[in-house]
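Heads up: the structure comes next, in structure tokens.
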Amino acid sequence: MVQLADKLWIPGFDAKEPTLDLILSLKKDYTPYFAEFHKQCETEESYYYQTVKVPVPDHFDPVIPATARAIVNVATDHVDVNNFSIEVPLSSPQAKARAERLMKFYTGCWLAQKEPVLRTAVKQAFLYGISFIKPTFDPMNWPDAPILDDYDAEDEYKESLKEWMEKRKMAFPLRDVVVNPRTLIWDDSRLRMKWAMQTTNVPAYDVKRRYPEWLPKQKDKVTDMAEWLEYWDEEWCAYLAEDQFVWGPYKHNYGFLPFFPVKTASAMDYEEGRPEERYQGILKPIHSLLETEARLVSQYSAIVRQTAWRTLDVHGPKAQAEEVAANYQLFGGINVVPPGVEVVASPTIQVPNDIGDLLGQIQTMIEEATFPNVVRGQRPTGISSGYGVSALAGMGRLVFQGVADGLRHCMEQVNSAHAKLVENRIKGKLTVHARSEIHDFDQTVGPEDIRGYYENIVQIKAEAPEEREREATLALQLKQGGIISLYEAQRRAGITNPLEEQMQMRAETLLNTEPFIMAQAQQLLALMGLQPQMEAAAGSEGAPTGNNPGSMNLGGAQLARPGEGAIQGQRMATNQANAGAPVFPQSLADMGQLGRQLGGPMGGSVAMPNGARVG
């Protein structure tokens, strides 16, 4: 590979402002170098968007199956971008709290993105073989501090300063953008990427409206499209329109080049060779198979269209045959057929079996070159066990692990970039609010939490939700077996903040203890004013004394209702008289009486043979 970057790089360029001549020189030399790769990306898009040309007979529309789109979409769905885990390795056990703050910050940065960044990057990686994520600082979402000279009174300045601090607690200026590699040229040297340029075509009037001082090279150029170029290196950035500076060059003070690749390692080497050889998508090996499949389906459709409705053949003199053909009616019509003319149905033409057989073989070869159809949910022939299908699907998903590995390495670099932005651009505390199905926290970090430590480890897998559940079950079994700690089991189960989760568990255990419950009950009774009644009930050991109508009758005799005093007294006397009689039936008659009593309707008390009632 020609090392153009080493030839064009000026010694000491890192400390100097890039000139227009240098930027245009890099663009001129690297555009042909990436031309074949950009053309390859456009070809991949033609298969994904079903715009590829398929040869078909005249007067027939081609039928292009959505196989290519389905392959890319299914592969993207199986990289679980919503269940990633981030770990910050620190040597000392005392640094666990700091590591957990950084883990929560990195996780929250991804959850705070309002765009499908990771999913789009995965889809581009499958389609092109590479993708880029660009972390940036958005100053529009980060309010500037008030200046004391702008206020007449100190109280006004303090009030404005207080509002500014509250706004910064809710503001989040970090934004990650997915860059299509078809619009990018970059430093492809083996040392490291030192610069990158992104080129797009935008309406010229948009550029003129944003930068009124810009003058197009042609007077009527304002109504056309203009080439927009963004130049970035490790220290400087600039915007160009039609090869003219419209913004910058300025120092971005990021401390890094904000372009991080998602490399899928789909070729023999990831850094040696031309870009079109190193970066190939999942559709690259099956281009000819996709075209053959579309051609066979189009042929099948064309033959069915011609033969599905049988035509009629008219035999006889030409003039009479043409007259009959012109006036012949179908579907119950009345036709007059002159002598010598015969109308018969055309011969039936069957679709050749070779088309269907070849189509099946082509689809099998597409499946072998990409991933098995069982991953899409289709049950293979001869498999009836759910475990067998699950095992085949798990092995099929291994095809997607290369993209998952490339994404996790890119996420590790972007996490480090987020930390550098806090140190170099924000230079203060930043609060991130994370809300998802498994994460719910607000974490604040500052330069004192980072202190130049950017190491982090990201784990992301190509798996289905049921596999994530099995992993959590395995972590529970290892914890119960004494092999791993509770902290490790919670981390494997997907809990980002195990320390806080353990504190929550201890708090819930404390709340459920008997002393704590009794203390809460005492506070509740005192708050409701029921403490005297409870004390009186506890000290009476029988019927409550006094004329307090609110006293509790715990364990005392049933209170008499008006007009029923004698009845209740007689019932109580009877029960007391029979209190010493045996409960167990003493004779056959007693057993019959007990059976009738117990066989009655359920609910309420049951009369025993001795006259007492139980229940």
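Here's how to read the names in the structure tokens: chain A, B, ... by the order shown, residue numbers from 1 in each chain, ligand numbers from 1 in the order shown.
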
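Every protein or nucleic acid residue with an atom no more than 12 Å from Glu115 in chain A, counting only C-alpha atoms and leaving out same-chain residues fewer than 4 positions away, appears here: Trp110, Leu111, Arg119, Thr120, Ala121, Arg175, Asp176, Val177 and Val178 of chain A.
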
Create the file for the chosen residues now, containing N, CA, C and O atoms and written as an mmCIF file, in the first residue's frame.
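As a result, again_30.cif now contains:
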```cif
data_model
loop_
_atom_site.group_PDB
_atom_site.id
_atom_site.type_symbol
_atom_site.label_atom_id
_atom_site.label_comp_id
_atom_site.auth_asym_id
_atom_site.auth_seq_id
_atom_site.Cartn_x
_atom_site.Cartn_y
_atom_site.Cartn_z
ATOM 1 N N TRP A 110 -24.256 6.812 26.153
ATOM 2 C CA TRP A 110 -24.887 6.111 25.024
ATOM 3 C C TRP A 110 -26.401 6.142 25.123
ATOM 4 O O TRP A 110 -27.093 6.278 24.115
ATOM 5 N N LEU A 111 -26.922 6.037 26.349
ATOM 6 C CA LEU A 111 -28.377 6.063 26.500
ATOM 7 C C LEU A 111 -28.943 7.454 26.278
ATOM 8 O O LEU A 111 -30.126 7.598 25.963
ATOM 9 N N ARG A 119 -27.114 1.265 16.245
ATOM 10 C CA ARG A 119 -27.802 0.408 15.269
ATOM 11 C C ARG A 119 -27.415 0.798 13.842
ATOM 12 O O ARG A 119 -27.193 -0.072 12.984
ATOM 13 N N THR A 120 -27.341 2.093 13.566
ATOM 14 C CA THR A 120 -26.941 2.534 12.231
ATOM 15 C C THR A 120 -25.506 2.155 11.933
ATOM 16 O O THR A 120 -25.173 1.758 10.804
ATOM 17 N N ALA A 121 -24.623 2.290 12.921
ATOM 18 C CA ALA A 121 -23.223 1.905 12.711
ATOM 19 C C ALA A 121 -23.107 0.413 12.414
ATOM 20 O O ALA A 121 -22.305 0.005 11.561
ATOM 21 N N ARG A 175 -22.547 14.669 21.663
ATOM 22 C CA ARG A 175 -23.376 14.108 20.583
ATOM 23 C C ARG A 175 -22.514 13.224 19.695
ATOM 24 O O ARG A 175 -21.449 13.639 19.240
ATOM 25 N N ASP A 176 -22.986 12.009 19.482
ATOM 26 C CA ASP A 176 -22.296 11.052 18.616
ATOM 27 C C ASP A 176 -23.034 10.951 17.285
ATOM 28 O O ASP A 176 -24.267 10.842 17.256
ATOM 29 N N VAL A 177 -22.260 10.969 16.203
ATOM 30 C CA VAL A 177 -22.815 10.963 14.851
ATOM 31 C C VAL A 177 -22.202 9.803 14.079
ATOM 32 O O VAL A 177 -21.004 9.525 14.209
ATOM 33 N N VAL A 178 -23.022 9.117 13.297
ATOM 34 C CA VAL A 178 -22.541 8.054 12.418
ATOM 35 C C VAL A 178 -22.173 8.655 11.075
ATOM 36 O O VAL A 178 -22.969 9.384 10.464
#
```

Would you mind listing what lies within 12 Å of Thr19 in chain A as a list in words, with only C-alpha atoms counted and same-chain residues fewer than 2 positions away left out?
-> Ile10, Phe13, Lys16, Glu17, Asp21, Leu22, Ile23, Leu24, Ser25, Leu26, Tyr231, Trp236, Cys237, Ala238, Leu240, Asp243, Gln244, Phe245, Gly248, Pro249 and Tyr250 of chain A

Please return as an MDAnalysis selection string: the residues of range 150-373 of chain A that backbone DSSP assigns to strand (DSSP E or B).
-> chainID A and resid 174:179 184:186 195:203 225:233 236:241 245:251 260:263 312:315 342:345

Gln50 in chain A: which residues within 9 Å, counting only C-alpha atoms, same-chain residues fewer than 3 positions away excluded, as a CSV table (one decimal) with N, CA, C and O atoms, in the first residue's frame?
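Saved to result-v2.csv:
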```csv
chain,number,residue,atom,x,y,z
A,45,GLU,N,-25.1,-0.5,-1.9
A,45,GLU,CA,-26.4,0.2,-1.7
A,45,GLU,C,-27.4,-0.2,-2.8
A,45,GLU,O,-28.6,-0.3,-2.5
A,46,SER,N,-26.9,-0.5,-4.0
A,46,SER,CA,-27.9,-0.8,-5.1
A,46,SER,C,-28.5,-2.2,-4.8
A,46,SER,O,-29.7,-2.4,-5.1
A,47,TYR,N,-27.8,-3.1,-4.2
A,47,TYR,CA,-28.4,-4.4,-3.8
A,47,TYR,C,-29.4,-4.2,-2.6
A,47,TYR,O,-30.4,-4.8,-2.6
A,53,LYS,N,-29.5,-3.7,-11.7
A,53,LYS,CA,-30.1,-4.0,-13.0
A,53,LYS,C,-30.1,-5.5,-13.2
A,53,LYS,O,-29.1,-6.2,-13.0
A,64,ILE,N,-37.2,-8.3,-8.3
A,64,ILE,CA,-36.0,-8.3,-7.5
A,64,ILE,C,-36.3,-8.7,-6.1
A,64,ILE,O,-37.0,-7.9,-5.4
A,65,PRO,N,-36.0,-9.9,-5.6
A,65,PRO,CA,-36.4,-10.2,-4.2
A,65,PRO,C,-35.6,-9.3,-3.2
A,65,PRO,O,-34.5,-8.8,-3.5
A,66,ALA,N,-36.2,-9.2,-2.0
A,66,ALA,CA,-35.6,-8.4,-1.0
A,66,ALA,C,-34.6,-9.2,-0.1
A,66,ALA,O,-34.5,-9.0,1.1
A,68,ALA,N,-31.2,-9.3,-0.2
A,68,ALA,CA,-30.1,-8.5,0.3
A,68,ALA,C,-30.5,-7.7,1.5
A,68,ALA,O,-29.8,-7.6,2.5
A,69,ARG,N,-31.6,-7.0,1.4
A,69,ARG,CA,-32.1,-6.2,2.5
A,69,ARG,C,-32.4,-7.0,3.7
A,69,ARG,O,-32.1,-6.6,4.8
```

Could you jot down the CA of Tyr106 in chain A to CA of Ile86 in chain A separation for me, Å, one decimal place?
-> 7.4 Å

What gap, in Å, lies between CA of Ala226 in chain A and CA of Thr31 in chain A?
-> 17.3 Å

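Using only C-alpha atoms, the nearest neighbour of Asp233 in chain A within the list A:Asp138, A:Glu508, A:Glu272, A:Asp187 is A:Asp187.
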
Of A:Lys429, A:Arg209, A:Lys284, A:Lys479, the one sitting nearest Lys169 in chain A when using only C-alpha atoms is A:Lys429

Residues at most 9 Å from Ser416 in chain A, counting only C-alpha atoms, excluding those fewer than 6 positions away in the same chain, as a PDB file with all heavy atoms, in the first residue's frame?
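Saved the output as result.pdb:
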```pdb
ATOM      1  N   TYR A 106     -20.224   6.414  31.249  1.00  0.00           N
ATOM      2  CA  TYR A 106     -20.095   5.918  29.878  1.00  0.00           C
ATOM      3  C   TYR A 106     -21.406   5.311  29.388  1.00  0.00           C
ATOM      4  O   TYR A 106     -21.822   5.542  28.241  1.00  0.00           O
ATOM      5  CB  TYR A 106     -18.979   4.873  29.803  1.00  0.00           C
ATOM      6  CG  TYR A 106     -17.597   5.421  30.070  1.00  0.00           C
ATOM      7  CD1 TYR A 106     -16.628   4.658  30.726  1.00  0.00           C
ATOM      8  CD2 TYR A 106     -17.246   6.712  29.689  1.00  0.00           C
ATOM      9  CE1 TYR A 106     -15.365   5.150  30.970  1.00  0.00           C
ATOM     10  CE2 TYR A 106     -15.981   7.214  29.930  1.00  0.00           C
ATOM     11  CZ  TYR A 106     -15.044   6.434  30.576  1.00  0.00           C
ATOM     12  OH  TYR A 106     -13.797   6.942  30.816  1.00  0.00           O
ATOM     13  N   TYR A 453      -7.312   8.971  33.177  1.00  0.00           N
ATOM     14  CA  TYR A 453      -7.501   7.526  33.060  1.00  0.00           C
ATOM     15  C   TYR A 453      -8.679   7.268  32.127  1.00  0.00           C
ATOM     16  O   TYR A 453      -9.824   7.551  32.465  1.00  0.00           O
ATOM     17  CB  TYR A 453      -7.766   6.911  34.436  1.00  0.00           C
ATOM     18  CG  TYR A 453      -7.835   5.397  34.407  1.00  0.00           C
ATOM     19  CD1 TYR A 453      -6.665   4.640  34.323  1.00  0.00           C
ATOM     20  CD2 TYR A 453      -9.054   4.738  34.452  1.00  0.00           C
ATOM     21  CE1 TYR A 453      -6.728   3.263  34.305  1.00  0.00           C
ATOM     22  CE2 TYR A 453      -9.121   3.371  34.434  1.00  0.00           C
ATOM     23  CZ  TYR A 453      -7.946   2.625  34.359  1.00  0.00           C
ATOM     24  OH  TYR A 453      -8.010   1.257  34.321  1.00  0.00           O
ATOM     25  N   TYR A 454      -8.396   6.712  30.956  1.00  0.00           N
ATOM     26  CA  TYR A 454      -9.421   6.521  29.923  1.00  0.00           C
ATOM     27  C   TYR A 454      -9.676   5.049  29.612  1.00  0.00           C
ATOM     28  O   TYR A 454     -10.426   4.748  28.678  1.00  0.00           O
ATOM     29  CB  TYR A 454      -9.006   7.235  28.630  1.00  0.00           C
ATOM     30  CG  TYR A 454      -8.558   8.662  28.829  1.00  0.00           C
ATOM     31  CD1 TYR A 454      -7.274   9.061  28.472  1.00  0.00           C
ATOM     32  CD2 TYR A 454      -9.417   9.601  29.376  1.00  0.00           C
ATOM     33  CE1 TYR A 454      -6.861  10.377  28.656  1.00  0.00           C
ATOM     34  CE2 TYR A 454      -9.016  10.915  29.570  1.00  0.00           C
ATOM     35  CZ  TYR A 454      -7.731  11.296  29.211  1.00  0.00           C
ATOM     36  OH  TYR A 454      -7.332  12.594  29.408  1.00  0.00           O
ATOM     37  N   GLU A 455      -9.069   4.140  30.349  1.00  0.00           N
ATOM     38  CA  GLU A 455      -9.206   2.720  30.027  1.00  0.00           C
ATOM     39  C   GLU A 455     -10.617   2.240  30.361  1.00  0.00           C
ATOM     40  O   GLU A 455     -11.167   2.542  31.429  1.00  0.00           O
ATOM     41  CB  GLU A 455      -8.183   1.908  30.809  1.00  0.00           C
ATOM     42  CG  GLU A 455      -8.186   0.427  30.462  1.00  0.00           C
ATOM     43  CD  GLU A 455      -7.765   0.166  29.034  1.00  0.00           C
ATOM     44  OE1 GLU A 455      -7.002   0.988  28.479  1.00  0.00           O
ATOM     45  OE2 GLU A 455      -8.215  -0.842  28.472  1.00  0.00           O
ATOM     46  N   ASN A 456     -11.211   1.476  29.464  1.00  0.00           N
ATOM     47  CA  ASN A 456     -12.515   0.862  29.694  1.00  0.00           C
ATOM     48  C   ASN A 456     -12.659  -0.343  28.784  1.00  0.00           C
ATOM     49  O   ASN A 456     -11.994  -0.439  27.749  1.00  0.00           O
ATOM     50  CB  ASN A 456     -13.654   1.865  29.459  1.00  0.00           C
ATOM     51  CG  ASN A 456     -13.752   2.306  28.016  1.00  0.00           C
ATOM     52  OD1 ASN A 456     -14.526   1.757  27.234  1.00  0.00           O
ATOM     53  ND2 ASN A 456     -12.953   3.308  27.627  1.00  0.00           N
TER      54      ASN A 456
END
```

Could you name the residues that touch range 308-320 of chain A at 9 Å or less, counting only C-alpha atoms, but leaving out those on the same chain fewer than 4 positions away, as a PDB file with N, CA and C atoms, in the first residue's frame?
```pdb
ATOM      1  N   ILE A 303     -43.081 -16.392 -17.141  1.00  0.00           N
ATOM      2  CA  ILE A 303     -43.734 -17.568 -17.702  1.00  0.00           C
ATOM      3  C   ILE A 303     -45.124 -17.748 -17.106  1.00  0.00           C
ATOM      4  N   VAL A 304     -45.265 -17.516 -15.831  1.00  0.00           N
ATOM      5  CA  VAL A 304     -46.573 -17.658 -15.187  1.00  0.00           C
ATOM      6  C   VAL A 304     -47.553 -16.630 -15.740  1.00  0.00           C
ATOM      7  N   VAL A 324     -64.099 -13.814 -36.211  1.00  0.00           N
ATOM      8  CA  VAL A 324     -64.494 -14.531 -34.989  1.00  0.00           C
ATOM      9  C   VAL A 324     -63.617 -14.094 -33.812  1.00  0.00           C
ATOM     10  N   ALA A 325     -62.323 -13.939 -34.057  1.00  0.00           N
ATOM     11  CA  ALA A 325     -61.426 -13.543 -32.972  1.00  0.00           C
ATOM     12  C   ALA A 325     -61.754 -12.149 -32.454  1.00  0.00           C
ATOM     13  N   VAL A 337     -70.097 -18.968 -34.558  1.00  0.00           N
ATOM     14  CA  VAL A 337     -68.916 -19.482 -35.235  1.00  0.00           C
ATOM     15  C   VAL A 337     -69.350 -20.019 -36.594  1.00  0.00           C
ATOM     16  N   PRO A 338     -68.921 -19.392 -37.688  1.00  0.00           N
ATOM     17  CA  PRO A 338     -69.337 -19.835 -39.026  1.00  0.00           C
ATOM     18  C   PRO A 338     -68.736 -21.201 -39.349  1.00  0.00           C
ATOM     19  N   PRO A 339     -69.316 -21.879 -40.324  1.00  0.00           N
ATOM     20  CA  PRO A 339     -68.768 -23.184 -40.728  1.00  0.00           C
ATOM     21  C   PRO A 339     -67.336 -23.036 -41.228  1.00  0.00           C
ATOM     22  N   GLY A 340     -66.548 -24.021 -40.934  1.00  0.00           N
ATOM     23  CA  GLY A 340     -65.149 -24.012 -41.358  1.00  0.00           C
ATOM     24  C   GLY A 340     -64.211 -23.334 -40.387  1.00  0.00           C
ATOM     25  N   VAL A 341     -64.751 -22.765 -39.313  1.00  0.00           N
ATOM     26  CA  VAL A 341     -63.919 -22.092 -38.304  1.00  0.00           C
ATOM     27  C   VAL A 341     -64.051 -22.874 -36.993  1.00  0.00           C
ATOM     28  N   GLU A 342     -62.935 -23.101 -36.344  1.00  0.00           N
ATOM     29  CA  GLU A 342     -62.912 -23.866 -35.098  1.00  0.00           C
ATOM     30  C   GLU A 342     -62.158 -23.074 -34.030  1.00  0.00           C
ATOM     31  N   VAL A 343     -62.746 -22.988 -32.850  1.00  0.00           N
ATOM     32  CA  VAL A 343     -62.139 -22.282 -31.715  1.00  0.00           C
ATOM     33  C   VAL A 343     -61.818 -23.311 -30.633  1.00  0.00           C
ATOM     34  N   VAL A 344     -60.535 -23.416 -30.323  1.00  0.00           N
ATOM     35  CA  VAL A 344     -60.094 -24.368 -29.306  1.00  0.00           C
ATOM     36  C   VAL A 344     -59.155 -23.659 -28.349  1.00  0.00           C
ATOM     37  N   ALA A 345     -59.031 -24.206 -27.140  1.00  0.00           N
ATOM     38  CA  ALA A 345     -58.117 -23.642 -26.147  1.00  0.00           C
ATOM     39  C   ALA A 345     -56.676 -23.945 -26.525  1.00  0.00           C
ATOM     40  N   SER A 346     -55.798 -22.986 -26.227  1.00  0.00           N
ATOM     41  CA  SER A 346     -54.376 -23.158 -26.536  1.00  0.00           C
ATOM     42  C   SER A 346     -53.782 -24.252 -25.664  1.00  0.00           C
ATOM     43  N   PRO A 347     -52.731 -24.856 -26.119  1.00  0.00           N
ATOM     44  CA  PRO A 347     -52.088 -25.917 -25.309  1.00  0.00           C
ATOM     45  C   PRO A 347     -51.553 -25.352 -23.991  1.00  0.00           C
ATOM     46  N   THR A 348     -51.625 -26.148 -22.932  1.00  0.00           N
ATOM     47  CA  THR A 348     -51.122 -25.751 -21.617  1.00  0.00           C
ATOM     48  C   THR A 348     -49.606 -25.882 -21.582  1.00  0.00           C
ATOM     49  N   ILE A 349     -48.953 -24.812 -21.078  1.00  0.00           N
ATOM     50  CA  ILE A 349     -47.489 -24.792 -20.967  1.00  0.00           C
ATOM     51  C   ILE A 349     -47.128 -24.736 -19.485  1.00  0.00           C
TER      52      ILE A 349
END
```

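Every protein, DNA or RNA residue with an atom at most 9 Å from Gly452 in chain A, where only C-alpha atoms count and chain neighbours fewer than 3 positions away do not, is listed here: Ala419, Lys420, Glu423, Pro447 and Asp449 of chain A.
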
Would you save the residues of that selection, restricted to all heavy atoms, as an mmCIF file, in the first residue's frame?
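Resulting contents of selection-v3.cif:
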```
data_model
loop_
_atom_site.group_PDB
_atom_site.id
_atom_site.type_symbol
_atom_site.label_atom_id
_atom_site.label_comp_id
_atom_site.auth_asym_id
_atom_site.auth_seq_id
_atom_site.Cartn_x
_atom_site.Cartn_y
_atom_site.Cartn_z
ATOM 1 N N ALA A 419 -14.584 10.982 27.869
ATOM 2 C CA ALA A 419 -13.840 11.412 29.057
ATOM 3 C C ALA A 419 -12.901 12.570 28.723
ATOM 4 O O ALA A 419 -12.754 13.511 29.514
ATOM 5 C CB ALA A 419 -13.059 10.229 29.632
ATOM 6 N N LYS A 420 -12.257 12.516 27.562
ATOM 7 C CA LYS A 420 -11.371 13.609 27.168
ATOM 8 C C LYS A 420 -12.139 14.906 26.931
ATOM 9 O O LYS A 420 -11.636 16.001 27.216
ATOM 10 C CB LYS A 420 -10.597 13.214 25.913
ATOM 11 C CG LYS A 420 -9.590 12.086 26.134
ATOM 12 C CD LYS A 420 -8.868 11.726 24.853
ATOM 13 C CE LYS A 420 -7.879 10.587 25.086
ATOM 14 N NZ LYS A 420 -7.171 10.191 23.827
ATOM 15 N N GLU A 423 -12.649 16.528 30.201
ATOM 16 C CA GLU A 423 -11.424 17.142 30.710
ATOM 17 C C GLU A 423 -10.993 18.359 29.897
ATOM 18 O O GLU A 423 -10.584 19.383 30.474
ATOM 19 C CB GLU A 423 -10.286 16.113 30.704
ATOM 20 C CG GLU A 423 -10.355 15.109 31.836
ATOM 21 C CD GLU A 423 -9.099 14.283 31.942
ATOM 22 O OE1 GLU A 423 -8.496 13.988 30.890
ATOM 23 O OE2 GLU A 423 -8.715 13.930 33.063
ATOM 24 N N PRO A 447 -13.549 16.368 35.908
ATOM 25 C CA PRO A 447 -12.135 16.034 35.659
ATOM 26 C C PRO A 447 -11.458 15.344 36.830
ATOM 27 O O PRO A 447 -10.545 14.543 36.635
ATOM 28 C CB PRO A 447 -11.508 17.403 35.371
ATOM 29 C CG PRO A 447 -12.635 18.256 34.902
ATOM 30 C CD PRO A 447 -13.834 17.788 35.664
ATOM 31 N N ASP A 449 -12.688 13.030 38.608
ATOM 32 C CA ASP A 449 -12.996 11.606 38.550
ATOM 33 C C ASP A 449 -12.198 10.881 37.472
ATOM 34 O O ASP A 449 -11.981 9.669 37.561
ATOM 35 C CB ASP A 449 -14.489 11.397 38.299
ATOM 36 C CG ASP A 449 -15.345 11.942 39.426
ATOM 37 O OD1 ASP A 449 -15.000 11.690 40.586
ATOM 38 O OD2 ASP A 449 -16.340 12.633 39.137
#
```

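CA of Ala112 in chain A is positioned 25.7 Å from CA of Leu161 in chain A.
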